[in-house]
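Listing of run.cif; format and content: mmCIF, C-alpha atoms and all ligand atoms.
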```cif
data_input
#
loop_
_atom_site.label_atom_id
_atom_site.label_comp_id
_atom_site.auth_asym_id
_atom_site.auth_seq_id
_atom_site.Cartn_x
_atom_site.Cartn_y
_atom_site.Cartn_z
CA MET A 10 8.51 22.95 5.15
CA THR A 11 9.47 19.38 4.48
CA SER A 12 11.75 17.21 6.68
CA ALA A 13 13.10 13.70 6.76
CA LEU A 14 11.18 11.12 8.80
CA ARG A 15 13.09 8.36 10.57
CA LEU A 16 11.45 5.52 12.45
CA SER A 17 13.63 3.11 14.38
CA GLY A 18 12.93 0.02 16.46
CA LEU A 19 9.23 0.78 16.93
CA SER A 20 7.43 -1.91 18.89
CA TYR A 21 3.97 -1.85 20.39
CA ARG A 22 1.71 -4.28 22.23
CA HIS A 23 -1.84 -3.51 23.37
CA PRO A 24 -1.96 -3.67 27.19
CA ASP A 25 -4.75 -6.28 27.05
CA SER A 26 -3.18 -8.51 24.39
CA ALA A 27 -0.37 -11.10 24.49
CA GLN A 28 0.63 -10.63 20.83
CA PRO A 29 2.60 -7.53 19.84
CA VAL A 30 0.97 -5.40 17.13
CA LEU A 31 4.33 -4.08 15.87
CA THR A 32 7.83 -5.47 16.31
CA ASP A 33 11.02 -3.51 15.63
CA VAL A 34 9.77 -1.41 12.73
CA GLY A 35 12.30 0.95 11.18
CA LEU A 36 11.82 3.16 8.10
CA ASP A 37 13.82 6.00 6.62
CA LEU A 38 12.18 8.67 4.47
CA ALA A 39 14.46 11.38 3.14
CA GLU A 40 13.00 14.87 2.70
CA GLY A 41 10.25 14.95 0.10
CA ARG A 42 10.16 11.19 -0.35
CA MET A 43 7.04 9.07 -0.25
CA THR A 44 6.75 5.59 1.25
CA ALA A 45 3.59 3.48 1.04
CA VAL A 46 2.85 0.91 3.75
CA VAL A 47 0.91 -2.11 2.53
CA GLY A 48 -0.09 -5.32 4.30
CA PRO A 49 -3.01 -7.56 5.14
CA SER A 50 -5.84 -6.20 7.25
CA GLY A 51 -4.80 -6.28 10.91
CA SER A 52 -1.07 -6.27 10.14
CA GLY A 53 -0.58 -3.05 12.14
CA LYS A 54 -0.57 -0.36 9.42
CA SER A 55 -2.90 2.09 11.19
CA THR A 56 -1.18 1.45 14.50
CA LEU A 57 2.15 2.37 12.90
CA LEU A 58 0.75 5.71 11.67
CA ARG A 59 -0.76 6.36 15.11
CA LEU A 60 2.66 5.81 16.73
CA VAL A 61 4.25 8.19 14.24
CA ALA A 62 1.55 10.81 14.73
CA GLY A 63 1.75 10.58 18.52
CA LEU A 64 -1.79 9.25 19.02
CA THR A 65 -0.36 6.05 20.58
CA ARG A 66 2.90 5.74 22.51
CA PRO A 67 5.30 2.98 21.37
CA ASP A 68 6.80 0.55 23.93
CA THR A 69 10.23 0.96 22.33
CA GLY A 70 11.79 2.85 19.44
CA ASP A 71 12.03 6.41 18.21
CA VAL A 72 10.35 8.77 15.74
CA ARG A 73 12.54 11.53 14.37
CA VAL A 74 11.52 14.49 12.19
CA GLY A 75 14.53 16.18 10.68
CA ASP A 76 17.20 15.92 13.37
CA ARG A 77 14.97 15.85 16.45
CA SER A 78 13.09 13.11 18.26
CA VAL A 79 9.38 13.92 18.50
CA LEU A 80 8.61 11.05 20.86
CA GLY A 81 8.07 13.36 23.83
CA LEU A 82 5.88 15.78 21.87
CA PRO A 83 2.07 15.77 21.62
CA PRO A 84 0.56 15.17 18.15
CA GLU A 85 -0.03 18.87 17.40
CA ARG A 86 3.64 19.73 17.98
CA ARG A 87 5.18 17.00 15.84
CA GLY A 88 5.03 18.94 12.55
CA MET A 89 2.73 16.32 11.05
CA THR A 90 -0.81 16.15 9.78
CA MET A 91 -2.78 13.00 9.28
CA MET A 92 -5.54 12.38 6.78
CA PHE A 93 -7.99 9.50 7.22
CA GLN A 94 -10.46 7.60 5.05
CA LYS A 95 -13.24 9.81 6.48
CA PRO A 96 -12.71 13.52 5.70
CA HIS A 97 -14.00 14.80 9.12
CA LEU A 98 -14.91 18.27 7.78
CA PHE A 99 -16.63 20.86 9.99
CA PRO A 100 -20.28 21.07 8.86
CA HIS A 101 -20.79 24.59 10.26
CA LEU A 102 -17.91 26.10 8.22
CA ASP A 103 -17.76 26.66 4.46
CA VAL A 104 -15.07 25.03 2.35
CA LEU A 105 -12.60 27.93 2.61
CA ASP A 106 -12.86 28.15 6.40
CA ASN A 107 -12.46 24.39 6.71
CA VAL A 108 -9.13 24.70 4.94
CA ALA A 109 -8.21 27.97 6.72
CA PHE A 110 -8.84 26.25 10.06
CA ALA A 111 -5.39 24.62 9.87
CA GLY A 112 -3.71 28.02 9.63
CA ARG A 113 -5.87 29.45 12.42
CA VAL A 114 -4.82 26.59 14.73
CA ALA A 115 -1.21 27.39 13.86
CA GLY A 116 -1.86 30.94 15.13
CA ARG A 117 -2.03 32.79 11.81
CA PRO A 118 -4.36 35.81 11.49
CA ARG A 119 -7.72 35.01 9.85
CA ARG A 120 -7.03 36.97 6.65
CA GLU A 121 -3.64 35.36 6.12
CA ALA A 122 -5.01 31.87 6.86
CA ARG A 123 -7.83 32.40 4.36
CA GLU A 124 -5.44 33.63 1.68
CA ALA A 125 -3.26 30.56 2.14
CA ALA A 126 -6.39 28.36 2.16
CA ARG A 127 -7.37 29.78 -1.23
CA ARG A 128 -4.01 28.75 -2.69
CA TYR A 129 -4.37 25.18 -1.38
CA LEU A 130 -7.96 24.98 -2.66
CA THR A 131 -6.72 26.04 -6.10
CA LEU A 132 -4.02 23.38 -5.90
CA VAL A 133 -6.68 20.66 -5.37
CA HIS A 134 -8.82 22.18 -8.18
CA LEU A 135 -11.60 23.38 -5.87
CA GLY A 136 -11.01 27.15 -6.04
CA GLU A 137 -14.52 27.79 -7.29
CA LEU A 138 -16.15 25.97 -4.37
CA ALA A 139 -14.61 28.14 -1.62
CA SER A 140 -17.93 29.45 -0.27
CA ARG A 141 -19.81 26.15 -0.59
CA ARG A 142 -21.16 24.41 2.52
CA THR A 143 -19.40 21.09 3.05
CA ARG A 144 -22.80 19.33 3.14
CA ALA A 145 -23.19 20.13 -0.56
CA LEU A 146 -19.96 18.36 -1.58
CA SER A 147 -19.56 14.97 -3.23
CA GLY A 148 -17.35 12.32 -1.60
CA GLY A 149 -14.47 13.08 -3.95
CA GLN A 150 -14.73 16.82 -3.30
CA GLU A 151 -14.79 16.22 0.46
CA GLN A 152 -11.52 14.28 0.24
CA ARG A 153 -9.99 17.11 -1.83
CA VAL A 154 -10.98 19.60 0.87
CA ALA A 155 -9.52 17.29 3.53
CA LEU A 156 -6.28 17.08 1.53
CA ALA A 157 -6.17 20.88 1.11
CA ARG A 158 -6.71 21.29 4.87
CA ALA A 159 -3.94 18.80 5.66
CA LEU A 160 -1.58 20.70 3.32
CA ALA A 161 -2.64 24.09 4.69
CA ALA A 162 -1.21 23.09 8.06
CA GLU A 163 2.12 23.13 6.17
CA PRO A 164 3.33 20.00 7.91
CA GLU A 165 6.88 18.73 7.70
CA VAL A 166 5.44 15.23 7.26
CA LEU A 167 2.08 14.18 5.86
CA LEU A 168 0.50 10.94 7.07
CA LEU A 169 -2.29 9.34 5.04
CA ASP A 170 -4.28 6.31 6.27
CA GLU A 171 -6.14 4.74 3.32
CA PRO A 172 -7.30 8.24 2.33
CA PHE A 173 -8.97 7.27 -0.94
CA SER A 174 -10.26 3.77 -0.22
CA ALA A 175 -13.89 4.87 0.15
CA LEU A 176 -13.92 6.44 -3.34
CA ASP A 177 -14.94 4.65 -6.54
CA THR A 178 -12.29 3.66 -9.08
CA GLU A 179 -12.58 6.77 -11.22
CA LEU A 180 -12.45 9.24 -8.32
CA ARG A 181 -9.58 7.30 -6.83
CA SER A 182 -7.53 7.66 -10.03
CA ALA A 183 -8.34 11.38 -10.05
CA MET A 184 -7.01 11.61 -6.46
CA HIS A 185 -3.89 9.71 -7.54
CA ARG A 186 -3.24 12.28 -10.29
CA LEU A 187 -3.83 15.04 -7.74
CA LEU A 188 -1.37 13.47 -5.32
CA ILE A 189 1.27 13.44 -8.07
CA GLU A 190 0.62 17.17 -8.68
CA VAL A 191 0.79 17.94 -4.95
CA ARG A 192 4.08 16.09 -4.67
CA ALA A 193 5.53 18.04 -7.60
CA ALA A 194 4.33 21.39 -6.20
CA LEU A 195 5.09 21.01 -2.47
CA GLU A 196 7.39 17.98 -2.13
CA PRO A 197 5.97 16.89 1.22
CA THR A 198 7.50 13.93 3.01
CA LEU A 199 4.71 11.40 2.81
CA LEU A 200 3.90 8.18 4.63
CA MET A 201 0.75 6.55 3.25
CA VAL A 202 -1.06 3.39 4.28
CA THR A 203 -2.98 1.66 1.53
CA HIS A 204 -4.19 -1.81 0.53
CA ASP A 205 -4.20 -0.92 -3.17
CA MET A 206 -0.98 -1.80 -5.03
CA ALA A 207 -1.84 0.71 -7.79
CA GLU A 208 -1.91 3.39 -5.11
CA ALA A 209 1.29 2.09 -3.51
CA ALA A 210 2.98 2.47 -6.91
CA LEU A 211 2.69 6.27 -6.48
CA ALA A 212 5.35 6.02 -3.78
CA ASP A 213 9.13 5.95 -4.16
CA GLU A 214 9.28 2.92 -1.90
CA VAL A 215 6.80 0.39 -0.61
CA ALA A 216 7.06 -1.16 2.86
CA VAL A 217 5.27 -4.47 3.34
CA LEU A 218 4.03 -5.09 6.86
CA VAL A 219 3.19 -8.70 7.75
CA GLU A 220 2.06 -9.53 11.29
CA GLY A 221 3.59 -6.32 12.62
CA ARG A 222 7.03 -6.79 11.08
CA LEU A 223 8.48 -5.24 7.94
CA ALA A 224 8.77 -8.13 5.50
CA GLN A 225 10.30 -6.06 2.67
CA VAL A 226 11.01 -2.43 1.83
CA GLY A 227 11.84 -1.42 -1.72
CA PRO A 228 10.67 0.13 -4.96
CA VAL A 229 7.38 -1.30 -6.18
CA GLU A 230 9.07 -2.99 -9.19
CA GLU A 231 11.20 -5.01 -6.77
CA LEU A 232 8.12 -6.32 -4.97
CA TYR A 233 6.78 -7.58 -8.31
CA SER A 234 10.05 -9.03 -9.62
CA ALA A 235 11.66 -10.28 -6.41
CA PRO A 236 9.28 -10.59 -3.46
CA ALA A 237 11.18 -11.68 -0.34
CA SER A 238 8.66 -14.30 0.75
CA VAL A 239 5.36 -15.98 -0.02
CA ALA A 240 3.72 -13.58 2.45
CA VAL A 241 4.97 -10.56 0.47
CA ALA A 242 3.84 -12.15 -2.82
CA ARG A 243 0.34 -12.58 -1.35
CA VAL A 244 0.19 -8.90 -0.38
CA VAL A 245 1.34 -7.87 -3.88
CA GLY A 246 -1.13 -10.30 -5.50
CA GLY A 247 -1.17 -11.93 -8.93
CA PHE A 248 1.38 -14.69 -8.20
CA SER A 249 0.87 -18.43 -8.50
CA GLU A 250 2.63 -20.37 -5.73
CA ILE A 251 4.21 -23.57 -6.97
CA GLY A 252 5.62 -25.89 -4.30
CA GLY A 253 8.82 -27.78 -5.10
CA VAL A 254 12.54 -28.01 -4.43
CA LEU A 255 15.48 -25.95 -5.56
CA THR A 256 18.31 -27.84 -7.32
CA PRO A 257 21.38 -26.58 -9.20
CA ALA A 258 19.39 -27.09 -12.43
CA GLY A 259 16.48 -24.95 -11.25
CA HIS A 260 13.18 -25.33 -9.43
CA VAL A 261 11.68 -28.81 -9.67
CA SER A 262 7.88 -29.12 -9.43
CA ALA A 263 4.90 -30.60 -11.25
CA LEU A 264 5.72 -28.05 -13.98
CA GLY A 265 9.11 -29.66 -14.56
CA THR A 266 12.53 -28.09 -13.96
CA LEU A 267 12.35 -24.31 -14.45
CA PRO A 268 15.24 -21.85 -14.31
CA CYS A 269 14.66 -19.20 -11.68
CA GLY A 270 16.17 -16.34 -9.77
CA ALA A 271 16.25 -17.22 -6.12
CA ALA A 272 15.98 -15.53 -2.75
CA THR A 273 16.62 -18.82 -1.02
CA VAL A 274 19.22 -21.43 -0.25
CA THR A 275 16.78 -23.83 1.38
CA PRO A 276 15.88 -26.85 -0.76
CA ALA A 277 12.11 -26.55 -0.11
CA ALA A 278 11.17 -23.58 -2.26
CA THR A 279 8.07 -21.97 -3.68
CA LEU A 280 8.26 -20.88 -7.29
CA LEU A 281 6.36 -17.62 -7.79
CA LEU A 282 4.93 -17.02 -11.24
CA ARG A 283 3.32 -13.73 -12.19
CA GLN A 284 0.00 -14.37 -13.87
CA GLU A 285 0.66 -11.94 -16.73
CA THR A 286 3.88 -13.79 -17.69
CA VAL A 287 2.10 -17.12 -18.21
CA GLY A 288 0.48 -17.85 -21.57
CA ILE A 289 -1.93 -20.53 -22.73
CA THR A 290 -1.64 -22.71 -25.82
CA HIS A 291 -3.31 -25.92 -27.02
CA GLY A 292 -2.63 -29.09 -25.08
CA THR A 293 -0.53 -30.71 -27.80
CA ASP A 294 1.74 -27.69 -28.46
CA PRO A 295 5.33 -29.02 -28.19
CA SER A 296 6.54 -25.59 -27.00
CA ALA A 297 4.34 -25.76 -23.87
CA THR A 298 6.18 -25.76 -20.55
CA ALA A 299 3.58 -28.09 -19.04
CA VAL A 300 0.13 -29.47 -19.81
CA GLY A 301 -2.82 -29.22 -17.44
CA THR A 302 -6.56 -28.93 -17.01
CA VAL A 303 -8.56 -25.71 -16.74
CA VAL A 304 -10.15 -25.61 -13.26
CA GLY A 305 -11.41 -22.04 -13.16
CA THR A 306 -11.69 -18.78 -15.01
CA THR A 307 -12.37 -15.26 -13.74
CA ARG A 308 -13.01 -12.16 -15.79
CA VAL A 309 -10.88 -9.14 -14.77
CA GLY A 310 -11.91 -6.11 -16.84
CA ALA A 311 -10.90 -6.74 -20.42
CA ARG A 312 -8.75 -9.75 -19.46
CA GLN A 313 -9.42 -13.11 -17.91
CA VAL A 314 -7.46 -15.14 -15.41
CA VAL A 315 -7.48 -18.85 -16.18
CA GLU A 316 -6.55 -21.36 -13.47
CA VAL A 317 -4.83 -24.47 -14.73
CA SER A 318 -4.13 -27.52 -12.58
CA VAL A 319 -1.06 -29.57 -13.44
CA SER A 320 -0.73 -32.94 -11.76
CA HIS A 321 2.29 -35.15 -11.40
CA PRO A 322 2.64 -38.81 -10.31
CA ARG A 323 5.02 -38.03 -7.42
CA LEU A 324 5.02 -34.24 -6.87
CA PRO A 325 2.27 -32.01 -5.45
CA THR A 326 -0.29 -30.71 -7.94
CA ALA A 327 0.52 -27.19 -9.18
CA VAL A 328 -2.20 -24.62 -9.83
CA VAL A 329 -1.04 -21.92 -12.24
CA ARG A 330 -2.91 -18.71 -13.04
CA ALA A 331 -2.53 -17.23 -16.52
CA GLU A 332 -3.83 -13.76 -17.41
CA VAL A 333 -4.95 -13.90 -21.05
CA PRO A 334 -7.14 -11.84 -23.40
CA LEU A 335 -10.89 -12.32 -23.14
CA GLY A 336 -12.18 -14.92 -25.57
CA THR A 337 -9.19 -17.24 -25.19
CA ALA A 338 -11.00 -20.56 -25.53
CA THR A 339 -11.08 -22.12 -22.09
CA ARG A 340 -13.77 -24.47 -20.84
CA ILE A 341 -13.53 -26.00 -17.38
CA GLY A 342 -12.01 -29.44 -17.85
CA GLU A 343 -10.27 -28.51 -21.11
CA CYS A 344 -6.68 -29.68 -21.57
CA VAL A 345 -4.33 -26.75 -22.28
CA GLY A 346 -0.60 -26.09 -22.53
CA LEU A 347 1.08 -23.49 -20.32
CA VAL A 348 3.86 -21.26 -21.61
CA VAL A 349 5.94 -19.93 -18.73
CA ALA A 350 8.28 -16.99 -19.35
CA PRO A 351 11.83 -17.68 -18.19
CA ASP A 352 11.86 -15.08 -15.42
CA ALA A 353 10.32 -16.95 -12.53
CA TRP A 354 11.33 -16.21 -8.96
CA CYS A 355 11.92 -18.60 -6.07
CA VAL A 356 11.51 -17.98 -2.36
CA PRO A 357 11.76 -20.21 0.71
CA ALA A 358 8.65 -22.38 0.97
CA ALA A 359 6.02 -21.01 3.33
CA PRO A 360 6.04 -23.11 6.51
CA ALA A 361 3.19 -25.64 6.45
CA ALA A 362 0.34 -24.60 8.74
CA GLY A 363 0.91 -25.85 12.28
CA LEU A 364 4.59 -26.63 11.74
CA ALA A 365 5.86 -23.06 12.24
CA GLU A 366 5.97 -23.17 16.07
CA THR A 367 7.74 -26.54 16.20
CA ALA A 368 10.26 -25.41 13.60
CA ASP A 369 11.02 -22.28 15.62
CA GLY A 370 11.61 -24.43 18.70
P1 LIG B 1 -4.39 -2.48 9.97
O1 LIG B 1 -4.50 -1.00 9.91
O2 LIG B 1 -3.16 -3.03 9.28
O3 LIG B 1 -5.61 -3.18 9.47
P2 LIG B 1 -4.38 -2.09 12.86
O4 LIG B 1 -3.15 -1.30 13.11
O5 LIG B 1 -5.67 -1.36 12.85
O6 LIG B 1 -4.20 -2.92 11.50
O7 LIG B 1 -4.47 -3.26 13.95
C1 LIG B 1 -3.37 -4.09 14.19
C2 LIG B 1 -3.72 -5.16 15.20
O8 LIG B 1 -4.01 -4.60 16.47
C3 LIG B 1 -4.93 -5.98 14.81
O9 LIG B 1 -4.59 -7.34 14.89
C4 LIG B 1 -5.98 -5.63 15.82
O10 LIG B 1 -6.77 -6.74 16.12
C5 LIG B 1 -5.15 -5.22 17.02
N1 LIG B 1 -5.87 -4.25 17.86
C6 LIG B 1 -6.37 -3.06 17.47
N2 LIG B 1 -6.93 -2.42 18.53
C7 LIG B 1 -6.77 -3.23 19.61
C8 LIG B 1 -7.11 -3.14 21.01
N3 LIG B 1 -7.74 -2.06 21.51
N4 LIG B 1 -6.76 -4.16 21.83
C9 LIG B 1 -6.10 -5.23 21.34
N5 LIG B 1 -5.76 -5.38 20.05
C10 LIG B 1 -6.08 -4.40 19.19
MG MG B 2 -6.02 0.30 9.14
#
```

What do you get writing this file as structure tokens?
Amino acid sequence: MTSALRLSGLSYRHPDSAQPVLTDVGLDLAEGRMTAVVGPSGSGKSTLLRLVAGLTRPDTGDVRVGDRSVLGLPPERRGMTMMFQKPHLFPHLDVLDNVAFAGRVAGRPRREAREAARRYLTLVHLGELASRRTRALSGGQEQRVALARALAAEPEVLLLDEPFSALDTELRSAMHRLLIEVRAALEPTLLMVTHDMAEAALADEVAVLVEGRLAQVGPVEELYSAPASVAVARVVGGFSEIGGVLTPAGHVSALGTLPCGAATVTPAATLLLRQETVGITHGTDPSATAVGTVVGTTRVGARQVVEVSVSHPRLPTAVVRAEVPLGTATRIGECVGLVVAPDAWCVPAAPAAGLAETADG
């Protein structure tokens, strides 16, 4: 049932807009693989899924399922199903017939479609709700039914556009566990749009879309350890951006000279520090990498993120975020030492606002 999905050179511009929404997007998903597409709001993620599904026609490029191009085919003949944030269930049908609907559309006899629907309902742990009216379902149950219906169509490729983003944290984690089970049982080829990095981590690979172009494609660990640009680091989240220059000795900034891995050969470089790799110590600790002033603190669950500003007579002020246990003494204005783990990462400096166009000619 599952097939490879290959996107190549996909570009798209709205007829009434000067800016392209997507430029030369290519992605390769082998059979049974899952890729998550992440990116800022408006970066073109939903448009990309619509092009793949056949709801919008690209200006250039190709969409291939298995060994055939599906570009000339209408959505219902592309071997794909798409699941959205809203479940779009039929209110006049019970749960079982909602799921069986997919099989009926595919031309299967009612009895056979209902038998298959029962299996998919069991897979999403809703077997006992088969005869329930959809009105009587909770939001999480509705999304499970929608997932069962998408699977019941037995697509070669499953497309998911932020399918769980309307659910609360607990239901969302339950859906994540379910998605893992579904992958193990059916091995569908899966392309999923999300803005949640925890959700993206369910995928084999993550594709970062920035202003309609793929900025990086790789396993989620790579996005955390070696983001290709400041833009990618912002999508991933949790990085401090430290402006400076790259020298043979390391990255030079208000924090001093720090050794770093580098994705850049340009001298102007941004050092990216992950907040969970930075520690805090007292301001007179000789082992501190740098000394600064606490300028902010935010509680994040059982941890807190402390913002420390480090100034320098000649170099730009650096603001470093450190994720530390709750209760770490930090008053605004307090002088603290920063302990930076020696695995920082450097990327080309983001172009200063307004300079980008001139630099590009
Ligand atoms: P995402 O899903 O990443 O938030 P979308 O794919 O929905 O992004 O939208 C991508 C871009 O296309 C946005 O910048 C949006 O403003 C633009 N856009 C969407 N619909 C239209 C339209 N009908 N005309 C012009 N631009 C549009
Ligand atoms: Mg969208």

- Query: For Leu146 (chain A), which residue among A:Leu200, A:Val300, A:Leu98, A:Ala237 is the nearest when counting all atoms listed in the file?
  - Reply: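 Closest to Leu146 (chain A), using all atoms listed in the file: A:Leu98.
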
- Can you tell me how far CA of Val345 (chain A) sits from CA of Thr290 (chain A), in Å to one decimal? 6.0 Å

- Item | Within 7 Å of ligand LIG 1 (chain B), counting all atoms listed in the file, residues as number ranges by chain | A: 23, 25-26, 30, 48-57

- Message: Using all atoms listed in the file, which protein or nucleic acid residues come within 10 Å of Ala242 (chain A)? Drop anything in the same chain fewer than 2 positions from it, and give the result as a list in words.
- Response: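 Those residues are Val217, Leu232, Tyr233, Ser234, Ala235, Pro236, Ala237, Ser238, Val239, Ala240, Val244, Val245, Gly246, Gly247, Phe248, Ser249, Glu250, Leu281, Leu282, Arg283 and Val356 of chain A.
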
- Message: Let me make sure I understand: among A:Met43, A:Leu347, A:Ala258, A:Ile189, which one has the smallest atom-to-atom distance to Thr302 (chain A) if we use all atoms listed in the file?
- Response: A:Leu347

- Item | Counting all atoms listed in the file, the option among A:Val328, A:Leu14, A:Met92, A:Met206 closest to Gln152 (chain A) |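 Once distances to Gln152 (chain A) are computed over all atoms listed in the file, the minimum belongs to A:Met92.
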
- Item | Residue neighbourhood Ser296 (chain A), 9 Å, all atoms listed in the file, exclusion window fewer than 2 positions, as a list of chain:residue names | A:Thr290, A:Thr293, A:Asp294, A:Thr298, A:Ala299, A:Gly346, A:Leu347, A:Val348

Keeping only C-alpha atoms, write those residues as a tab-separated table (two decimals), in the coordinates of the input.
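Done, and the output landed in selection.tsv:
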```
chain	number	residue	atom	x	y	z
A	290	THR	CA	-1.64	-22.71	-25.82
A	293	THR	CA	-0.53	-30.71	-27.80
A	294	ASP	CA	1.74	-27.69	-28.46
A	298	THR	CA	6.18	-25.76	-20.55
A	299	ALA	CA	3.58	-28.09	-19.04
A	346	GLY	CA	-0.60	-26.09	-22.53
A	347	LEU	CA	1.08	-23.49	-20.32
A	348	VAL	CA	3.86	-21.26	-21.61
```

Kindly provide, as lines of an AutoDock Vina configuration file, the centre and edge lengths (Å, one decimal) of an axis-aligned box around all atoms of region 346-350 of chain A given in the file, with 5 Å on each side.
```
center_x = 3.8
center_y = -21.5
center_z = -20.6
size_x = 18.9
size_y = 19.1
size_z = 13.8
```

- Please indicate the distance in Å from CA of Val47 (chain A) to CA of Pro172 (chain A), rounded to one decimal place.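 Between CA of Val47 (chain A) and CA of Pro172 (chain A) the gap is 13.2 Å.
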
- Message: When you look at region 100-111 of chain A with a cut-off of 6 Å (counting all atoms listed in the file), what residues show up, excluding the ones that are within fewer than 6 positions of it in the same chain? I need them as a ChimeraX atom specification.
- Response: /A:122-123,126,139-143,158,161-162

Residue selection dump (C-alpha atoms) as a PDB file, keeping the file's coordinate frame:
```pdb
ATOM      1  CA  ALA A 122      -5.010  31.870   6.860  1.00  0.00           C
ATOM      2  CA  ARG A 123      -7.830  32.400   4.360  1.00  0.00           C
ATOM      3  CA  ALA A 126      -6.390  28.360   2.160  1.00  0.00           C
ATOM      4  CA  ALA A 139     -14.610  28.140  -1.620  1.00  0.00           C
ATOM      5  CA  SER A 140     -17.930  29.450  -0.270  1.00  0.00           C
ATOM      6  CA  ARG A 141     -19.810  26.150  -0.590  1.00  0.00           C
ATOM      7  CA  ARG A 142     -21.160  24.410   2.520  1.00  0.00           C
ATOM      8  CA  THR A 143     -19.400  21.090   3.050  1.00  0.00           C
ATOM      9  CA  ARG A 158      -6.710  21.290   4.870  1.00  0.00           C
ATOM     10  CA  ALA A 161      -2.640  24.090   4.690  1.00  0.00           C
ATOM     11  CA  ALA A 162      -1.210  23.090   8.060  1.00  0.00           C
TER      12      ALA A 162
END
```

- Query: Which protein, DNA or RNA residues are at most 10 Å from (11.4, -25.3, 3.0) in the file's coordinates when you count all atoms listed in the file, listed as a PyMOL selection string?
  - Reply: chain A and resi 252-255+273-279+356-361

- Task: Give the answer as one residue: which of A:Leu223, A:Leu180, A:Val303, A:Asp352 has the shortest atom-to-atom distance to Leu280 (chain A), using only C-alpha atoms?
- Result: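 The shortest atom-to-atom distance to Leu280 (chain A) comes from A:Asp352.
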
- Query: What is the distance between CA of Val74 (chain A) and CA of Pro96 (chain A), in Å to one decimal?
  - Reply: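 A separation of 25.1 Å between them.
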
- Task: Check the smallest atom-to-atom distance from each of A:Leu324, A:Ala39, A:Leu187, A:Met201 to ligand MG 2 (chain B) using only C-alpha atoms and all ligand atoms, then report the winner.
- Result: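 Nearest to ligand MG 2 (chain B): A:Met201.
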